[in-house]
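Participant: Just so it is clear, I am handing over structure.txt, which has compact mmCIF, C-alpha atoms.
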```txt
# COMPACT_ATOMS: atom_id res chain seq x y z
CA MET A 1 42.97 -33.66 15.45
CA LYS A 2 45.34 -30.68 15.17
CA ALA A 3 48.06 -32.94 13.90
CA ALA A 4 45.70 -34.42 11.31
CA LEU A 5 44.68 -30.95 10.09
CA SER A 6 48.28 -29.81 9.90
CA GLN A 7 49.18 -32.89 7.90
CA ALA A 8 46.25 -32.32 5.54
CA GLU A 9 47.28 -28.68 4.96
CA GLY A 10 50.84 -29.73 4.34
CA GLU A 11 49.73 -32.26 1.73
CA SER A 12 47.44 -29.72 0.09
CA ASN A 13 50.27 -27.14 -0.17
CA THR A 14 52.63 -29.73 -1.51
CA VAL A 15 50.16 -30.59 -4.25
CA ALA A 16 49.71 -26.85 -5.11
CA ALA A 17 53.46 -26.37 -5.28
CA MET A 18 53.88 -29.46 -7.44
CA ARG A 19 51.32 -28.23 -9.93
CA ALA A 20 53.04 -24.85 -10.43
CA PRO A 21 56.07 -24.78 -12.74
CA ALA A 22 59.41 -24.34 -11.03
CA GLU A 23 59.82 -20.76 -9.80
CA GLY A 24 63.18 -20.51 -11.56
CA THR A 25 61.52 -21.32 -14.87
CA LEU A 26 58.80 -18.72 -14.31
CA ARG A 27 61.40 -16.08 -13.42
CA THR A 28 63.56 -16.88 -16.44
CA ILE A 29 60.63 -16.59 -18.87
CA ALA A 30 59.43 -13.39 -17.15
CA THR A 31 62.91 -11.90 -17.46
CA PHE A 32 62.97 -12.44 -21.23
CA ILE A 33 59.40 -11.17 -21.69
CA ALA A 34 60.12 -8.04 -19.63
CA ALA A 35 63.29 -7.36 -21.62
CA PHE A 36 61.30 -7.74 -24.84
CA GLY A 37 58.68 -5.36 -23.42
CA ILE A 38 61.37 -2.76 -22.70
CA GLY A 39 62.36 -3.00 -26.37
CA VAL A 40 58.81 -2.53 -27.65
CA ALA A 41 58.03 0.39 -25.31
CA THR A 42 61.37 2.05 -26.08
CA TYR A 43 60.70 1.85 -29.82
CA ILE A 44 57.27 3.51 -29.37
CA ALA A 45 58.77 6.25 -27.14
CA ILE A 46 61.66 6.96 -29.56
CA ALA A 47 59.32 7.08 -32.57
CA ASP A 48 57.10 9.56 -30.71
CA SER A 49 59.95 11.74 -29.46
CA GLY A 50 61.03 12.37 -33.05
CA GLY A 51 57.63 13.86 -33.81
CA GLY A 52 56.57 10.75 -35.71
CA SER A 53 54.82 7.53 -34.84
CA PRO A 54 55.64 3.81 -34.78
CA VAL A 55 55.51 2.10 -38.16
CA CYS A 56 52.89 -0.63 -38.42
CA ILE A 57 54.75 -3.63 -39.86
CA ALA A 58 51.61 -5.03 -41.48
CA GLY A 59 50.87 -1.64 -43.07
CA GLY A 60 47.91 0.66 -42.49
CA SER A 61 47.73 3.86 -40.49
CA GLY A 62 46.64 2.42 -37.14
CA CYS A 63 49.93 3.15 -35.37
CA GLU A 64 50.00 6.74 -36.64
CA THR A 65 46.36 7.29 -35.69
CA VAL A 66 46.85 5.97 -32.16
CA ALA A 67 50.10 7.92 -31.72
CA GLU A 68 48.41 11.13 -32.81
CA SER A 69 45.42 10.67 -30.55
CA THR A 70 45.02 12.56 -27.31
CA TYR A 71 45.10 9.25 -25.41
CA SER A 72 48.72 8.56 -26.30
CA HIS A 73 49.98 10.97 -23.65
CA LEU A 74 49.52 11.00 -19.90
CA LEU A 75 50.68 13.89 -17.69
CA GLY A 76 52.50 15.36 -20.68
CA ALA A 77 54.54 12.24 -21.43
CA ASN A 78 53.99 9.48 -23.95
CA ILE A 79 52.49 6.49 -22.14
CA ALA A 80 55.26 4.35 -23.63
CA VAL A 81 57.61 6.09 -21.15
CA PHE A 82 55.49 4.73 -18.31
CA GLY A 83 55.59 1.38 -20.10
CA ILE A 84 59.40 1.38 -20.10
CA ALA A 85 59.43 2.12 -16.37
CA GLY A 86 56.93 -0.67 -15.74
CA TYR A 87 58.87 -3.25 -17.74
CA VAL A 88 62.15 -2.28 -16.04
CA LEU A 89 60.56 -2.79 -12.61
CA LEU A 90 59.07 -6.12 -13.77
CA LEU A 91 62.51 -7.15 -15.02
CA ALA A 92 63.95 -6.36 -11.60
CA ALA A 93 61.16 -8.27 -9.86
CA SER A 94 61.82 -11.32 -12.01
CA LEU A 95 65.54 -11.21 -11.25
CA LEU A 96 65.06 -10.95 -7.48
CA ARG A 97 64.07 -13.69 -5.05
CA GLY A 98 61.68 -13.67 -2.12
CA ASP A 99 58.16 -12.63 -1.27
CA ALA A 100 58.76 -8.92 -1.85
CA ALA A 101 59.77 -9.63 -5.46
CA ARG A 102 56.88 -12.08 -5.90
CA MET A 103 54.31 -9.58 -4.63
CA ALA A 104 55.90 -6.65 -6.51
CA GLY A 105 55.96 -8.62 -9.75
CA PHE A 106 52.33 -9.62 -9.30
CA GLY A 107 51.20 -6.08 -8.37
CA LEU A 108 53.08 -4.37 -11.19
CA SER A 109 51.98 -6.83 -13.84
CA LEU A 110 48.39 -6.62 -12.55
CA VAL A 111 48.37 -2.82 -12.93
CA GLY A 112 50.09 -3.11 -16.33
CA PHE A 113 47.59 -5.71 -17.48
CA GLY A 114 44.63 -3.63 -16.25
CA TYR A 115 45.91 -0.53 -18.01
CA SER A 116 46.51 -2.55 -21.19
CA VAL A 117 42.87 -3.67 -21.10
CA TYR A 118 41.80 -0.02 -20.77
CA LEU A 119 44.08 1.08 -23.64
CA THR A 120 42.79 -1.71 -25.87
CA TYR A 121 39.25 -0.54 -25.11
CA LEU A 122 40.26 3.01 -26.13
CA GLU A 123 41.80 1.75 -29.38
CA LEU A 124 38.72 -0.26 -30.31
CA PHE A 125 35.94 2.11 -29.26
CA LYS A 126 37.36 5.63 -28.95
CA ILE A 127 40.32 6.01 -31.29
CA GLU A 128 38.88 3.44 -33.68
CA ALA A 129 42.30 2.26 -34.77
CA ILE A 130 44.62 -0.53 -33.73
CA CYS A 131 48.35 -0.09 -33.27
CA GLU A 132 50.30 -3.34 -33.64
CA TRP A 133 52.98 -2.18 -31.21
CA CYS A 134 50.39 -1.40 -28.55
CA VAL A 135 48.80 -4.81 -29.09
CA ALA A 136 52.25 -6.43 -28.81
CA SER A 137 52.87 -4.62 -25.53
CA ALA A 138 49.43 -5.62 -24.23
CA ALA A 139 50.14 -9.27 -25.12
CA LEU A 140 53.52 -9.16 -23.36
CA MET A 141 51.94 -7.59 -20.28
CA THR A 142 49.24 -10.30 -20.28
CA ILE A 143 51.90 -13.04 -20.36
CA LEU A 144 53.82 -11.29 -17.57
CA PHE A 145 50.65 -11.09 -15.49
CA CYS A 146 50.00 -14.82 -15.94
CA LEU A 147 53.60 -15.73 -15.05
CA ASN A 148 53.66 -13.49 -11.99
CA ALA A 149 50.23 -14.68 -10.85
CA ILE A 150 51.36 -18.31 -11.04
CA ARG A 151 54.56 -17.39 -9.21
CA MET A 152 52.69 -15.53 -6.49
CA ILE A 153 49.97 -18.16 -5.97
CA GLY A 154 52.41 -21.05 -6.11
CA TYR A 155 55.29 -19.73 -4.05
CA VAL A 156 54.40 -16.69 -1.92
CA GLY A 157 55.05 -17.31 1.78
CA LYS A 158 57.48 -20.09 0.99
CA PRO A 159 61.27 -20.04 1.19
CA ALA A 160 63.01 -18.46 -1.83
CA MET B 1 47.98 -23.12 11.12
CA ASN B 2 51.66 -22.20 11.57
CA GLY B 3 53.24 -18.75 11.09
CA ALA B 4 54.43 -19.39 7.55
CA GLU B 5 51.01 -20.59 6.45
CA GLU B 6 49.35 -17.60 8.09
CA ARG B 7 51.73 -15.25 6.29
CA ARG B 8 51.10 -17.00 2.98
CA ARG B 9 47.36 -16.79 3.50
CA ARG B 10 47.62 -13.07 4.28
CA LEU B 11 49.74 -12.35 1.19
CA LEU B 12 47.29 -14.24 -1.02
CA GLN B 13 44.46 -12.18 0.47
CA ILE B 14 46.38 -8.99 -0.37
CA GLY B 15 46.86 -10.29 -3.92
CA SER B 16 43.15 -11.04 -4.25
CA ALA B 17 42.26 -7.57 -2.97
CA ALA B 18 44.66 -6.03 -5.50
CA VAL B 19 42.96 -7.95 -8.32
CA PHE B 20 39.58 -6.70 -7.13
CA LEU B 21 40.81 -3.10 -6.97
CA VAL B 22 42.39 -3.16 -10.43
CA VAL B 23 39.32 -4.76 -12.02
CA ALA B 24 37.15 -2.09 -10.36
CA ALA B 25 39.49 0.71 -11.50
CA VAL B 26 39.49 -0.50 -15.11
CA LEU B 27 35.69 -0.81 -15.12
CA VAL B 28 35.33 2.71 -13.70
CA LEU B 29 37.71 4.13 -16.33
CA ILE B 30 35.78 2.42 -19.14
CA VAL B 31 32.36 3.44 -17.80
CA VAL B 32 33.46 7.06 -17.29
CA ASN B 33 34.86 7.18 -20.82
CA ALA B 34 31.82 5.53 -22.36
CA SER B 35 29.33 7.76 -20.54
CA LYS B 36 30.81 11.00 -21.79
CA THR B 37 28.53 12.52 -24.41
CA SER B 38 29.81 13.89 -27.68
CA GLY B 39 29.47 17.45 -28.90
CA GLY B 40 31.19 20.34 -27.26
CA ASP B 41 32.76 18.24 -24.53
CA THR B 42 36.34 17.09 -24.17
CA ASN B 43 35.69 13.48 -25.09
CA LEU B 44 36.94 13.67 -28.65
CA GLU B 45 35.12 11.79 -31.34
CA ASP B 46 36.55 10.63 -34.65
CA VAL B 47 40.22 11.36 -33.94
CA GLY B 48 41.16 8.31 -35.96
CA LEU B 49 38.72 9.10 -38.74
CA VAL B 50 40.14 12.61 -39.22
CA ALA B 51 43.72 11.35 -39.16
CA LYS B 52 42.83 8.75 -41.78
CA GLN B 53 40.96 11.24 -43.96
CA LEU B 54 43.88 13.69 -44.07
CA LYS B 55 46.71 11.17 -44.04
CA GLY B 56 49.43 11.93 -46.57
CA ILE B 57 48.01 15.30 -47.65
CA PRO B 58 50.24 18.37 -47.03
CA GLN B 59 48.90 21.01 -44.62
CA ASN B 60 50.32 24.53 -44.68
CA GLY B 61 48.58 27.13 -42.58
CA LEU B 62 44.90 26.60 -43.30
CA VAL B 63 45.65 25.20 -46.76
CA LEU B 64 45.09 21.52 -47.44
CA GLY B 65 46.84 20.04 -50.47
CA GLU B 66 49.93 20.38 -52.60
CA PRO B 67 51.19 23.99 -52.46
CA GLY B 68 51.75 23.89 -56.23
CA ALA B 69 48.21 22.75 -57.10
CA ARG B 70 46.84 24.73 -60.06
CA VAL B 71 43.45 25.44 -58.52
CA THR B 72 42.60 26.85 -55.11
CA LEU B 73 39.16 26.26 -53.63
CA TYR B 74 38.39 28.74 -50.87
CA GLU B 75 35.99 27.74 -48.11
CA PHE B 76 34.72 30.57 -45.94
CA GLY B 77 33.42 28.91 -42.81
CA ASP B 78 32.65 29.33 -39.14
CA LEU B 79 33.76 26.56 -36.81
CA LYS B 80 30.58 26.95 -34.75
CA CYS B 81 28.36 26.70 -37.82
CA PRO B 82 26.35 23.43 -37.96
CA VAL B 83 25.92 23.67 -41.74
CA CYS B 84 29.71 23.86 -42.07
CA LYS B 85 29.95 20.73 -39.95
CA GLY B 86 27.54 19.03 -42.36
CA PHE B 87 29.70 20.08 -45.31
CA SER B 88 32.82 18.90 -43.51
CA GLU B 89 31.31 15.46 -43.03
CA GLU B 90 29.29 15.01 -46.22
CA ILE B 91 30.65 17.20 -49.04
CA ILE B 92 34.30 18.06 -48.42
CA PRO B 93 35.59 14.45 -48.01
CA GLY B 94 34.51 13.71 -51.59
CA VAL B 95 36.35 16.77 -52.92
CA ILE B 96 39.45 15.89 -50.91
CA ASP B 97 39.53 12.38 -52.32
CA SER B 98 38.78 13.32 -55.93
CA LYS B 99 40.67 16.60 -56.36
CA VAL B 100 43.00 17.37 -53.45
CA ARG B 101 44.67 14.04 -52.79
CA GLY B 102 45.79 13.77 -56.40
CA GLY B 103 47.23 17.31 -56.40
CA GLU B 104 44.73 18.87 -58.80
CA ALA B 105 43.50 21.39 -56.25
CA LYS B 106 44.08 22.66 -52.76
CA ILE B 107 41.49 23.92 -50.30
CA GLN B 108 42.09 27.07 -48.31
CA PHE B 109 39.92 27.59 -45.24
CA GLU B 110 39.11 31.20 -44.37
CA ASN B 111 37.38 32.19 -41.16
CA PHE B 112 34.03 33.89 -41.72
CA THR B 113 32.79 34.39 -38.17
CA ILE B 114 29.03 34.90 -38.13
CA ILE B 115 27.65 32.72 -35.32
CA ASP B 116 28.70 34.41 -32.07
CA GLU B 117 31.64 35.75 -30.07
CA GLU B 118 33.09 32.24 -29.62
CA SER B 119 33.62 31.92 -33.36
CA THR B 120 36.64 34.23 -33.26
CA PRO B 121 38.72 32.35 -30.64
CA ALA B 122 37.81 29.11 -32.41
CA GLY B 123 39.03 30.47 -35.74
CA ALA B 124 42.18 31.90 -34.15
CA ALA B 125 42.92 28.52 -32.59
CA ALA B 126 42.68 26.92 -36.05
CA ILE B 127 45.11 29.50 -37.48
CA ALA B 128 47.52 28.81 -34.61
CA ALA B 129 47.27 25.06 -35.28
CA GLY B 130 47.97 25.85 -38.94
CA LYS B 131 51.27 27.44 -37.95
CA GLN B 132 52.34 23.97 -36.80
CA GLY B 133 51.02 22.13 -39.85
CA ARG B 134 47.83 20.95 -38.16
CA GLY B 135 45.30 23.52 -39.34
CA TRP B 136 43.02 21.17 -41.24
CA SER B 137 43.33 18.44 -38.62
CA PHE B 138 42.12 21.02 -36.10
CA ILE B 139 39.25 22.23 -38.28
CA GLU B 140 38.00 18.75 -39.12
CA LEU B 141 38.27 17.55 -35.53
CA PHE B 142 36.51 20.67 -34.27
CA TYR B 143 33.59 20.06 -36.61
CA ARG B 144 33.29 16.44 -35.52
CA ASN B 145 33.16 17.51 -31.88
CA GLN B 146 31.10 20.64 -32.42
CA GLY B 147 28.53 21.55 -29.78
CA LEU B 148 25.14 23.12 -30.25
CA GLU B 149 25.15 26.39 -32.19
CA THR B 150 23.66 28.30 -29.27
CA ALA B 151 25.75 26.58 -26.57
CA SER B 152 28.81 28.08 -24.94
CA TYR B 153 31.58 25.49 -25.07
CA VAL B 154 34.55 27.05 -26.88
CA ASN B 155 36.74 27.43 -23.80
CA ASP B 156 40.45 26.81 -23.21
CA GLU B 157 39.86 23.20 -22.16
CA PHE B 158 37.83 22.33 -25.25
CA LEU B 159 40.21 24.05 -27.66
CA THR B 160 43.24 22.43 -26.05
CA GLU B 161 41.69 18.98 -26.32
CA ILE B 162 40.98 19.60 -30.00
CA ALA B 163 44.56 20.81 -30.51
CA ARG B 164 45.97 17.74 -28.77
CA GLY B 165 43.66 15.45 -30.72
CA ALA B 166 44.72 17.17 -33.93
CA GLY B 167 48.33 16.43 -33.07
CA VAL B 168 49.55 20.00 -32.55
CA PRO B 169 53.09 19.30 -31.31
CA ASP B 170 53.81 22.44 -29.28
CA ILE B 171 50.75 23.36 -27.21
CA ALA B 172 52.54 26.23 -25.43
CA LYS B 173 53.38 27.89 -28.75
CA TRP B 174 49.87 27.21 -30.02
CA ASN B 175 48.41 28.91 -26.94
CA LYS B 176 50.61 31.96 -27.49
CA ASP B 177 49.82 32.12 -31.21
CA ARG B 178 46.04 31.76 -30.86
CA LYS B 179 45.85 34.68 -28.43
CA ALA B 180 48.20 36.95 -30.44
CA ALA B 181 46.69 40.18 -31.73
CA ALA B 182 47.90 39.39 -35.25
CA THR B 183 45.99 36.06 -35.25
CA LEU B 184 42.77 37.67 -34.06
CA ALA B 185 43.24 40.40 -36.68
CA GLU B 186 43.61 37.70 -39.34
CA VAL B 187 40.21 36.25 -38.37
CA LYS B 188 38.69 39.70 -38.66
CA ARG B 189 40.39 40.32 -42.01
CA THR B 190 39.08 37.15 -43.66
CA THR B 191 35.59 37.80 -42.27
CA GLU B 192 35.65 41.26 -43.86
CA GLU B 193 36.92 39.74 -47.08
CA ALA B 194 33.98 37.31 -47.13
CA GLU B 195 31.59 40.20 -46.68
CA ARG B 196 33.34 42.15 -49.42
CA LEU B 197 32.85 39.16 -51.73
CA GLY B 198 29.14 39.34 -51.00
CA PHE B 199 28.81 36.20 -48.92
CA THR B 200 26.02 36.23 -46.36
CA GLY B 201 26.18 32.71 -44.94
CA THR B 202 28.54 29.86 -44.16
CA PRO B 203 29.99 27.90 -45.69
CA SER B 204 30.58 29.91 -48.86
CA PHE B 205 33.02 28.92 -51.55
CA ALA B 206 35.16 30.59 -54.19
CA VAL B 207 37.61 29.18 -56.72
CA GLU B 208 40.71 30.48 -58.44
CA GLY B 209 42.85 28.89 -61.11
CA PRO B 210 44.24 29.24 -64.65
CA GLY B 211 40.70 28.96 -66.03
CA THR B 212 39.23 31.77 -63.95
CA SER B 213 39.64 35.50 -64.13
CA GLY B 214 40.67 36.03 -60.55
CA LEU B 215 38.57 34.80 -57.68
CA GLU B 216 35.18 33.46 -58.73
CA THR B 217 32.51 33.06 -56.09
CA LEU B 218 30.48 29.86 -55.99
CA GLY B 219 28.09 30.55 -53.12
CA THR B 220 27.07 27.40 -51.25
CA PRO B 221 26.86 24.42 -53.64
CA GLY B 222 24.88 21.57 -52.17
CA GLU B 223 26.85 18.70 -53.68
CA ALA B 224 30.49 17.66 -53.94
CA ARG B 225 29.99 17.25 -57.69
CA GLN B 226 29.31 20.97 -58.11
CA LEU B 227 32.55 21.87 -56.35
CA GLU B 228 34.44 19.28 -58.42
CA GLU B 229 33.05 20.74 -61.65
CA ALA B 230 34.05 24.23 -60.54
CA ILE B 231 37.58 22.98 -59.92
CA GLU B 232 37.69 21.29 -63.32
CA ALA B 233 36.49 24.48 -65.00
CA ALA B 234 39.15 26.49 -63.17
CA SER B 235 41.99 24.13 -64.17
```
Re-express the file's structure as structure tokens.
Facilitator:
Amino acid sequence: MKAALSQAEGESNTVAAMRAPAEGTLRTIATFIAAFGIGVATYIAIADSGGGSPVCIAGGSGCETVAESTYSHLLGANIAVFGIAGYVLLLAASLLRGDAARMAGFGLSLVGFGYSVYLTYLELFKIEAICEWCVASAALMTILFCLNAIRMIGYVGKPA
Amino acid sequence: MNGAEERRRRLLQIGSAAVFLVVAAVLVLIVVNASKTSGGDTNLEDVGLVAKQLKGIPQNGLVLGEPGARVTLYEFGDLKCPVCKGFSEEIIPGVIDSKVRGGEAKIQFENFTIIDEESTPAGAAAIAAGKQGRGWSFIELFYRNQGLETASYVNDEFLTEIARGAGVPDIAKWNKDRKAAATLAEVKRTTEEAERLGFTGTPSFAVEGPGTSGLETLGTPGEARQLEEAIEAAS
């Protein structure tokens, strides 16, 4: 009976692993997305540090409005600075192997995704303006969350 | 279940718990933000609207508009005055769009503190914001977040939130400036000037330009059109 159960679990795990994309592929894509995220967050932080605001490529004043709002800073620093730190850690998690990196990548991207949801809510209902760069960052964080979730569910507890 | 499977199961449980915690945290943040009421609290309303309304228009001190504009419209107001708030939302935007944005006139806000003792620190805070090019952003944002006339809400926290929302870049300097004796004296001076001009209520307006002989008082016109005609006559 025990042997039968063990065999069934083994088959089930094998199927789960087969359905998930190769971990190397997930890590490679996450690395590029995190690097891109660092670029976006750095641009927002640099634009803010010069006393200005990011320039909305499609025009409009959404980026300026969001940058000038009270919600653009946390603990005295532009939230883009926290974004840079988050993307750097996600980049590191995607470059490293093992369960610690899998769990760290999942946890960080989960927090980043949750905060992006909150910031999007603020843009839509409190600031009443949309900043393209913030939306871009939120989209990147969403992709990173999906990649890290698939990586964690598919491979955590398994050999690197 | 072997050790590896047990470990995997435990890690997946931790991941699930983390998802639950983050979803709960985001929901709490949104609910807390949404449940804050407007008016005299620190949950700023219309930050984006004010930024959009004033976008691209020069601000110097408490003057809105091109410094070289031929006509100056003076508004004597009290930041705690609900009628001034009504003007700020209903009358002044029309004048800004028709006369100020194009450079025909500029509007100079002067403190005329008549409501209560909180009017003076509010006016001083606006002057201090003006020293950093955010005077009108501060005034407009204050009006849109104004509390009840009889309520006490003009405290450091409220003023600082307004200053941040208005985009005042150096809050430390703003704090120093708004409490300076010279700033408080300026509020008193403009209030005395309003009284000298014969004004008894807020907001009261005056206009000055090539077509006027000095400062001409307008009282409290009830429509943007009346202010626009006064500006045209003063041009």
Participant: Please, what distance in Å, to one decimal, runs between atom CA of B:Glu117 and atom CA of B:Leu79?
Facilitator: 11.6 Å
Participant: In file coordinates, which residues lie within 12 Å of (50.9, -7.5, -29.8) using all atoms listed in the file, given as a list of chain:residue names?
Facilitator: A:Phe36, A:Gly37, A:Val40, A:Ala41, A:Cys56, A:Ile57, A:Ala58, A:Ser116, A:Thr120, A:Ile130, A:Cys131, A:Glu132, A:Trp133, A:Cys134, A:Val135, A:Ala136, A:Ser137, A:Ala138, A:Ala139, A:Leu140, A:Met141, A:Thr142, A:Ile143
Participant: Residues at most 10 Å from A:Leu26, counting all atoms listed in the file, excluding those fewer than 2 positions away in the same chain, as an MDAnalysis selection string?
Facilitator: chainID A and resid 20:24 28:31 94 144 146:148 150:151
Participant: Could you write out that same residue set with C-alpha atoms as a PDB file, in the frame of the given file?
Facilitator:
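What follows is the written file part-v6.pdb:
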```
ATOM      1  CA  ALA A  20      53.040 -24.850 -10.430  1.00  0.00           C
ATOM      2  CA  PRO A  21      56.070 -24.780 -12.740  1.00  0.00           C
ATOM      3  CA  ALA A  22      59.410 -24.340 -11.030  1.00  0.00           C
ATOM      4  CA  GLU A  23      59.820 -20.760  -9.800  1.00  0.00           C
ATOM      5  CA  GLY A  24      63.180 -20.510 -11.560  1.00  0.00           C
ATOM      6  CA  THR A  28      63.560 -16.880 -16.440  1.00  0.00           C
ATOM      7  CA  ILE A  29      60.630 -16.590 -18.870  1.00  0.00           C
ATOM      8  CA  ALA A  30      59.430 -13.390 -17.150  1.00  0.00           C
ATOM      9  CA  THR A  31      62.910 -11.900 -17.460  1.00  0.00           C
ATOM     10  CA  SER A  94      61.820 -11.320 -12.010  1.00  0.00           C
ATOM     11  CA  LEU A 144      53.820 -11.290 -17.570  1.00  0.00           C
ATOM     12  CA  CYS A 146      50.000 -14.820 -15.940  1.00  0.00           C
ATOM     13  CA  LEU A 147      53.600 -15.730 -15.050  1.00  0.00           C
ATOM     14  CA  ASN A 148      53.660 -13.490 -11.990  1.00  0.00           C
ATOM     15  CA  ILE A 150      51.360 -18.310 -11.040  1.00  0.00           C
ATOM     16  CA  ARG A 151      54.560 -17.390  -9.210  1.00  0.00           C
TER      17      ARG A 151
END
```
Participant: Specify as an MDAnalysis selection string all residues of chain A found within 10 Å of chain B, counting only C-alpha atoms.
Facilitator: chainID A and resid 2 5:6 9:10 13 51 60:62 64:73 99 103 106:107 110:119 121:123 125:130 149 152:159
Participant: With all atoms listed in the file as the atoms that count, which of A:Leu96, A:Ala101, A:Ala80, A:Val88 lies nearest to A:Ile46?
Facilitator: A:Ala80
Participant: Name the closest residue to B:Val83 among the candidates B:Thr183, B:Phe142, B:Thr202, B:Arg134; distances are taken between atoms, counting only C-alpha atoms.
Facilitator: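 Of the candidates, the smallest distance to B:Val83 is held by B:Thr202.
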Participant: If you measure from atom CA of B:Val95 to atom CA of B:Gly219, what distance in Å do you get, rounded to one decimal?
Facilitator: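 We find that atom CA of B:Val95 and atom CA of B:Gly219 lie 16.1 Å from each other.
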Participant: So, counting only C-alpha atoms, which residue among B:Trp174, B:Tyr143, B:Phe158, B:Phe205 is closest to B:Ile107?
Facilitator: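 Counting only C-alpha atoms, the residue closest to B:Ile107 is B:Phe205.
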Participant: Report, in Å to a single decimal, how far apart atom CA of A:Phe82 and atom CA of A:Ile38 are.
Facilitator: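 Atom-to-atom, atom CA of A:Ile38 and atom CA of A:Phe82 are spaced 10.5 Å apart.
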Participant: Would you kindly return, as a list in words, each protein, DNA or RNA residue with an atom no farther than 12 Å from any atom of B:Lys179, considering all atoms listed in the file and excluding same-chain residues fewer than 2 positions away?
Facilitator: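 Contacts, in chain order: Thr120, Pro121, Ala122, Gly123, Ala124, Ala125, Ala126, Ile127, Ala128, Ala129, Asp156, Ala172, Lys173, Trp174, Asn175, Lys176, Asp177, Ala181, Ala182, Thr183, Leu184, Ala185, Glu186 and Val187 of chain B.
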Participant: Taking into account only C-alpha atoms, which residue in the set A:Ala160, A:Cys63, A:Leu108, A:Ile33 is nearest to A:Gly86?
Facilitator: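 That would be A:Leu108, the residue with the smallest distance to A:Gly86.
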Participant: Of the candidates B:Ile96, B:Ser88, B:Gln132, B:Glu104, which one gets nearest to B:Pro67 if we count only C-alpha atoms?
Facilitator: B:Glu104
Participant: Report as lines of an AutoDock Vina configuration file the centre and the edge lengths, in Å to one decimal, of the axis-aligned box holding every listed atom of stretch 140-155 of chain B, padded by 5 Å on each side.
Facilitator:
```
center_x = 31.0
center_y = 22.4
center_z = -31.5
size_x = 24.6
size_y = 21.9
size_z = 25.3
```
